[in-house]
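Asker: What follows is the file protein_11.cif, containing mmCIF, C-alpha atoms:
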data_final
loop_
_atom_site.label_atom_id
_atom_site.label_comp_id
_atom_site.auth_asym_id
_atom_site.auth_seq_id
_atom_site.Cartn_x
_atom_site.Cartn_y
_atom_site.Cartn_z
CA MET M 1 0.00 0.00 0.00
CA ASN M 2 1.18 3.49 -0.82
CA MET M 3 0.91 5.52 2.40
CA LYS M 4 1.17 8.99 0.88
CA LYS M 5 -1.86 10.88 2.10
CA HIS M 6 -3.78 12.89 -0.45
CA ASP M 7 -6.78 14.38 1.27
CA LYS M 8 -9.13 14.25 4.24
CA MET M 9 -12.82 14.79 4.89
CA LYS M 10 -14.62 15.05 8.22
CA LEU M 11 -18.34 14.88 8.73
CA GLU M 12 -20.38 15.18 11.91
CA ILE M 13 -23.98 14.05 12.05
CA GLU M 14 -26.63 13.44 14.68
CA SER M 15 -27.60 9.82 15.29
CA LYS M 16 -30.82 9.95 13.24
CA SER M 17 -31.57 7.12 10.84
CA ILE M 18 -32.24 9.52 7.98
CA ASN M 19 -28.49 10.28 8.05
CA GLU M 20 -27.55 6.69 7.12
CA GLY M 21 -28.26 7.26 3.44
CA PHE M 22 -26.73 10.73 3.50
CA THR M 23 -23.48 9.51 5.10
CA ARG M 24 -22.89 6.63 2.71
CA ALA M 25 -23.60 8.92 -0.25
CA ALA M 26 -21.18 11.56 1.12
CA VAL M 27 -18.39 9.01 1.72
CA ALA M 28 -18.97 7.49 -1.72
CA ALA M 29 -18.70 10.93 -3.33
CA PHE M 30 -15.42 11.54 -1.47
CA ALA M 31 -14.06 8.08 -2.40
CA ALA M 32 -14.85 8.69 -6.08
CA ARG M 33 -11.45 10.40 -6.59
CA LEU M 34 -9.78 6.97 -6.21
CA ASP M 35 -11.76 5.88 -9.29
CA PRO M 36 -13.21 2.79 -7.61
CA SER M 37 -15.15 0.17 -9.53
CA ILE M 38 -18.91 -0.04 -8.96
CA GLU M 39 -18.29 -3.08 -6.77
CA GLU M 40 -15.64 -1.35 -4.63
CA LEU M 41 -17.89 1.67 -4.19
CA GLY M 42 -20.76 -0.62 -3.18
CA ASP M 43 -18.48 -2.29 -0.61
CA ILE M 44 -17.51 1.08 0.89
CA LYS M 45 -21.13 2.29 1.05
CA THR M 46 -22.26 -0.95 2.67
CA ALA M 47 -19.53 -0.86 5.34
CA VAL M 48 -20.24 2.81 6.15
CA SER M 49 -23.94 2.06 6.41
CA GLU M 50 -23.24 -0.74 8.89
CA ALA M 51 -20.92 1.36 11.05
CA VAL M 52 -23.27 4.35 11.20
CA THR M 53 -26.31 2.15 11.86
CA ASN M 54 -24.45 0.52 14.77
CA CYS M 55 -23.94 3.98 16.33
CA ILE M 56 -27.60 4.88 15.90
CA VAL M 57 -28.99 1.58 17.19
CA HIS M 58 -26.43 0.61 19.84
CA ALA M 59 -24.35 3.62 20.90
CA TYR M 60 -27.31 5.93 21.37
CA PRO M 61 -30.32 3.64 21.94
CA ASP M 62 -32.47 6.21 23.74
CA THR M 63 -30.82 9.52 22.90
CA ILE M 64 -29.56 11.49 19.94
CA GLY M 65 -25.79 11.85 19.98
CA SER M 66 -22.93 12.88 17.76
CA ILE M 67 -21.28 10.63 15.17
CA GLN M 68 -18.04 11.68 13.49
CA ILE M 69 -16.97 10.20 10.19
CA THR M 70 -13.39 10.93 9.13
CA CYS M 71 -12.12 9.75 5.75
CA ARG M 72 -8.57 9.91 4.52
CA VAL M 73 -7.57 8.98 1.00
CA PHE M 74 -4.09 7.74 0.20
CA GLU M 75 -2.58 6.82 -3.16
CA ASP M 76 -4.51 3.55 -3.48
CA TYR M 77 -6.67 3.14 -0.40
CA ILE M 78 -9.23 4.88 1.78
CA GLU M 79 -9.40 4.88 5.56
CA ILE M 80 -12.77 5.52 7.18
CA LYS M 81 -13.13 6.18 10.88
CA VAL M 82 -16.58 6.22 12.51
CA ARG M 83 -16.61 7.51 16.06
CA ASP M 84 -19.34 7.90 18.65
CA TYR M 85 -19.47 9.01 22.28
CA GLY M 86 -22.18 6.58 23.28
CA ARG M 87 -22.69 3.56 25.47
CA GLY M 88 -19.69 1.55 24.28
CA ILE M 89 -19.45 -2.18 23.65
CA ALA M 90 -18.91 -4.43 26.69
CA ASP M 91 -17.43 -7.32 24.72
CA VAL M 92 -16.07 -6.37 21.30
CA ALA M 93 -15.02 -9.93 20.34
CA ARG M 94 -18.56 -11.14 21.03
CA ALA M 95 -20.14 -8.23 19.13
CA ARG M 96 -18.04 -9.13 16.09
CA GLU M 97 -19.31 -12.73 16.02
CA PRO M 98 -21.70 -13.47 13.13
CA MET M 99 -25.41 -13.51 14.12
CA TYR M 100 -24.73 -12.06 17.56
CA THR M 101 -26.96 -9.08 18.27
CA THR M 102 -28.46 -7.25 21.21
CA GLY M 103 -30.77 -5.45 18.78
CA GLY M 104 -33.73 -7.87 18.65
CA ALA M 105 -35.53 -9.38 15.64
CA ASP M 106 -35.09 -6.29 13.48
CA ARG M 107 -31.31 -6.70 13.45
CA SER M 108 -29.43 -9.54 11.73
CA GLY M 109 -26.28 -9.49 13.86
CA MET M 110 -24.25 -9.40 10.65
CA GLY M 111 -23.06 -5.78 10.70
CA PHE M 112 -19.45 -6.41 11.72
CA THR M 113 -19.28 -9.53 9.52
CA VAL M 114 -20.33 -7.46 6.52
CA MET M 115 -17.78 -4.72 7.38
CA GLU M 116 -15.05 -7.35 7.74
CA SER M 117 -15.81 -9.10 4.49
CA PHE M 118 -16.29 -5.92 2.42
CA MET M 119 -13.26 -4.01 3.69
CA ASP M 120 -9.59 -5.03 3.88
CA GLU M 121 -9.08 -4.12 7.51
CA LEU M 122 -11.38 -3.44 10.47
CA ARG M 123 -10.37 -2.26 13.93
CA VAL M 124 -12.81 -1.67 16.78
CA ARG M 125 -11.89 0.24 19.92
CA SER M 126 -14.52 0.69 22.57
CA LYS M 127 -14.89 1.68 26.18
CA GLU M 128 -18.14 1.36 28.08
CA GLY M 129 -19.69 4.72 28.82
CA VAL M 130 -17.09 6.52 26.67
CA GLY M 131 -17.74 5.45 23.10
CA THR M 132 -16.60 3.40 20.16
CA THR M 133 -14.30 4.01 17.21
CA VAL M 134 -14.45 1.76 14.16
CA THR M 135 -11.59 2.19 11.71
CA MET M 136 -11.68 0.46 8.36
CA THR M 137 -9.55 0.56 5.27
CA LYS M 138 -10.23 -0.46 1.72
CA ARG M 139 -7.70 -0.76 -1.06
CA VAL M 140 -8.92 0.56 -4.39
CA LYS M 141 -7.15 -1.15 -7.23
CA PRO M 142 -5.84 1.19 -9.89
CA ARG M 143 -7.58 0.68 -13.20
CA LYS M 144 -5.90 0.79 -16.56
CA MET K 1 -43.64 -1.43 -2.58
CA ASP K 2 -46.02 -3.41 -4.84
CA TYR K 3 -47.36 -6.87 -4.35
CA ARG K 4 -49.58 -9.37 -6.07
CA ILE K 5 -51.26 -12.57 -4.98
CA ASP K 6 -51.55 -15.60 -7.30
CA GLU K 7 -53.39 -18.42 -5.53
CA THR K 8 -50.96 -19.41 -2.75
CA THR K 9 -48.03 -17.22 -3.79
CA ALA K 10 -47.47 -13.66 -2.61
CA THR K 11 -44.95 -11.73 -4.68
CA ILE K 12 -43.63 -8.54 -3.14
CA SER K 13 -41.51 -6.14 -5.20
CA ILE K 14 -39.10 -4.24 -2.99
CA SER K 15 -37.48 -1.08 -4.27
CA GLY K 16 -35.23 1.77 -3.21
CA GLU K 17 -32.59 1.66 -0.50
CA LEU K 18 -33.06 -1.09 2.07
CA ASP K 19 -31.36 0.04 5.27
CA HIS K 20 -32.17 0.48 8.95
CA HIS K 21 -34.00 3.73 8.14
CA SER K 22 -36.40 2.15 5.66
CA LEU K 23 -36.62 -1.29 7.25
CA ARG K 24 -39.40 -0.75 9.77
CA GLU K 25 -41.96 0.33 7.20
CA THR K 26 -40.96 -2.38 4.72
CA SER K 27 -40.93 -5.07 7.36
CA LEU K 28 -44.37 -4.08 8.72
CA GLU K 29 -45.78 -4.22 5.20
CA VAL K 30 -44.23 -7.64 4.46
CA ASN K 31 -45.61 -9.01 7.74
CA ARG K 32 -49.03 -7.52 7.02
CA ILE K 33 -49.14 -9.21 3.61
CA ILE K 34 -48.13 -12.57 5.12
CA ASP K 35 -50.73 -12.28 7.91
CA THR K 36 -53.49 -11.22 5.51
CA TYR K 37 -53.00 -13.80 2.76
CA LEU K 38 -51.20 -16.66 4.58
CA PRO K 39 -49.30 -17.59 1.38
CA LYS K 40 -47.49 -20.89 0.92
CA THR K 41 -44.72 -19.16 -1.01
CA LEU K 42 -43.43 -15.67 -0.41
CA VAL K 43 -41.45 -14.26 -3.33
CA LEU K 44 -39.31 -11.21 -2.60
CA ASP K 45 -38.51 -9.55 -5.92
CA MET K 46 -35.44 -7.41 -5.32
CA ALA K 47 -35.05 -6.03 -8.87
CA GLY K 48 -35.66 -2.45 -7.70
CA VAL K 49 -33.31 -2.47 -4.70
CA ARG K 50 -30.61 0.13 -5.36
CA PHE K 51 -28.77 -0.51 -2.09
CA MET K 52 -29.04 -2.99 0.75
CA ASP K 53 -27.09 -3.46 4.00
CA SER K 54 -27.49 -6.04 6.78
CA SER K 55 -30.90 -4.55 7.61
CA GLY K 56 -32.08 -6.26 4.42
CA LEU K 57 -30.75 -9.54 5.80
CA ALA K 58 -32.98 -9.09 8.83
CA LEU K 59 -35.93 -8.64 6.46
CA VAL K 60 -35.13 -11.80 4.47
CA ILE K 61 -34.30 -13.88 7.57
CA GLY K 62 -37.37 -12.57 9.45
CA GLY K 63 -39.61 -13.35 6.47
CA SER K 64 -38.13 -16.82 6.19
CA ARG K 65 -38.70 -17.48 9.91
CA LYS K 66 -42.30 -16.31 9.70
CA MET K 67 -42.96 -18.38 6.56
CA SER K 68 -41.51 -21.54 8.07
CA GLU K 69 -43.90 -21.15 11.01
CA LEU K 70 -46.66 -21.32 8.38
CA ASN K 71 -44.95 -24.30 6.69
CA GLY K 72 -44.25 -22.05 3.75
CA ARG K 73 -41.10 -20.91 2.03
CA VAL K 74 -39.34 -17.81 0.75
CA ILE K 75 -37.86 -17.28 -2.69
CA VAL K 76 -35.66 -14.25 -3.26
CA LYS K 77 -35.30 -13.30 -6.91
CA ASN K 78 -33.85 -10.73 -9.31
CA VAL K 79 -31.18 -9.67 -6.81
CA PRO K 80 -28.81 -6.97 -8.16
CA PRO K 81 -25.04 -7.45 -7.54
CA GLN K 82 -24.64 -5.25 -4.42
CA PRO K 83 -27.52 -6.80 -2.41
CA MET K 84 -26.40 -10.24 -3.64
CA LYS K 85 -22.96 -9.69 -2.14
CA VAL K 86 -24.56 -8.87 1.23
CA LEU K 87 -26.77 -11.99 1.05
CA ASN K 88 -23.71 -14.09 0.22
CA ALA K 89 -21.61 -12.60 3.05
CA ALA K 90 -24.25 -13.88 5.45
CA GLY K 91 -24.65 -17.26 3.74
CA VAL K 92 -28.37 -16.63 3.35
CA SER K 93 -28.63 -19.19 0.53
CA ARG K 94 -28.36 -21.91 3.20
CA PHE K 95 -31.93 -21.26 4.31
CA VAL K 96 -33.57 -19.19 1.58
CA THR K 97 -33.88 -20.03 -2.11
CA ILE K 98 -32.20 -17.41 -4.26
CA GLU K 99 -33.21 -17.37 -7.91
CA THR K 100 -31.04 -15.71 -10.50
CA THR K 101 -32.70 -15.22 -13.87
CA GLY K 102 -34.37 -18.56 -14.15
CA LYS K 103 -31.78 -20.64 -12.33
CA VAL K 104 -31.92 -21.59 -8.67
CA VAL K 105 -28.77 -21.07 -6.59
#
So that I can check it, write out the structure of this file as structure tokens.
Answerer:
Amino acid sequence: MNMKKHDKMKLEIESKSINEGFTRAAVAAFAARLDPSIEELGDIKTAVSEAVTNCIVHAYPDTIGSIQITCRVFEDYIEIKVRDYGRGIADVARAREPMYTTGGADRSGMGFTVMESFMDELRVRSKEGVGTTVTMTKRVKPRK
Amino acid sequence: MDYRIDETTATISISGELDHHSLRETSLEVNRIIDTYLPKTLVLDMAGVRFMDSSGLALVIGGSRKMSELNGRVIVKNVPPQPMKVLNAAGVSRFVTIETTGKVV
């Protein structure tokens, strides 16, 4: 991977579900400069949607809080950081297991699994009562 | 969302972006159709889905659970590439029939 940083974008939203679509569209528009394929762009949008939805559903279950999305583009990859100041995750390893959810029948428990399989790297840092930061990177293959 | 009933089959055409924001309304409507018509086969036609995340999985899995309680089944068809990738990441084809243009996966 070429680590030379090219640009950065930071977005702050409130944890309202209407912002899910807005955020993935904004990140996709920013990622467009890497000239991703339709599939790569779909992967990025899906992962962002999962991360932001997690904040809305789990970090701030009964309140509206702040979510910060920071994107950095490098020569051939994008790094996306999604940060909240919510409830935190008690057991990150457990939360990352497929089909595990505390969200009830409306949630599939596949959010982290989808992020993992669609991105190249996924890191989750969380502290109960302080918040969670999800950092993911995706390599965008140069096209001829 | 449109639907049609042919004898014991309910076909629901889902369109737009299927995420956590849109899920509640879609899921209520799918459940209402199942409860009203008690179909043997529920077909979810995904041709119009422009985007889907794991919220869509909850819809498909929930529909499949509800249909199996009625001894029925779910067929998911006309799935565009992005939603298909999400379905595959979750291994949904293990418990739901996914049809791609005429052939069953």
Asker: Please enumerate the residues selected by the PyMOL selection byres ((chain K and resi 90) around 12) when evaluated against the supplied file, formatted as a VMD selection string.
Answerer: (chain M and resid 97 to 99 108 to 118) or (chain K and resid 53 to 58 60 to 61 83 to 89 91 to 96)
Asker: Taking (-46.2, -14.4, 1.2) in the file's own coordinates, collect the residues within 9 Å, counting all atoms listed in the file, and hand them back as an MDAnalysis selection string.
Answerer: chainID K and resid 5 8:12 30:31 33:35 37:44 63 67 72:74
Asker: Figure out the distance between atom CA of K:Pro81 and atom CA of K:Arg4, please, to one decimal in Å.
Answerer: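 If I compute the distance from atom CA of K:Arg4 to atom CA of K:Pro81, I get 24.7 Å.
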Asker: Enclose all atoms of stretch 91-110 of chain M listed in the file in an axis-aligned box, grow every side by 5 Å, and hand back centre and edge lengths in Å to one decimal, as lines of an AutoDock Vina configuration file.
Answerer:
center_x = -25.3
center_y = -9.5
center_z = 17.7
size_x = 30.5
size_y = 18.1
size_z = 24.1
Asker: How many Å separate atom CA of K:Thr36 from atom CA of K:Thr97?
Answerer: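 Result for atom CA of K:Thr36 versus atom CA of K:Thr97: 22.8 Å, one decimal.
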Asker: Using Å and a single decimal, report how far atom CA of K:Val49 sits from atom CA of K:Leu23.
Answerer: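 Straight-line distance from atom CA of K:Leu23 to atom CA of K:Val49 works out to 12.5 Å.
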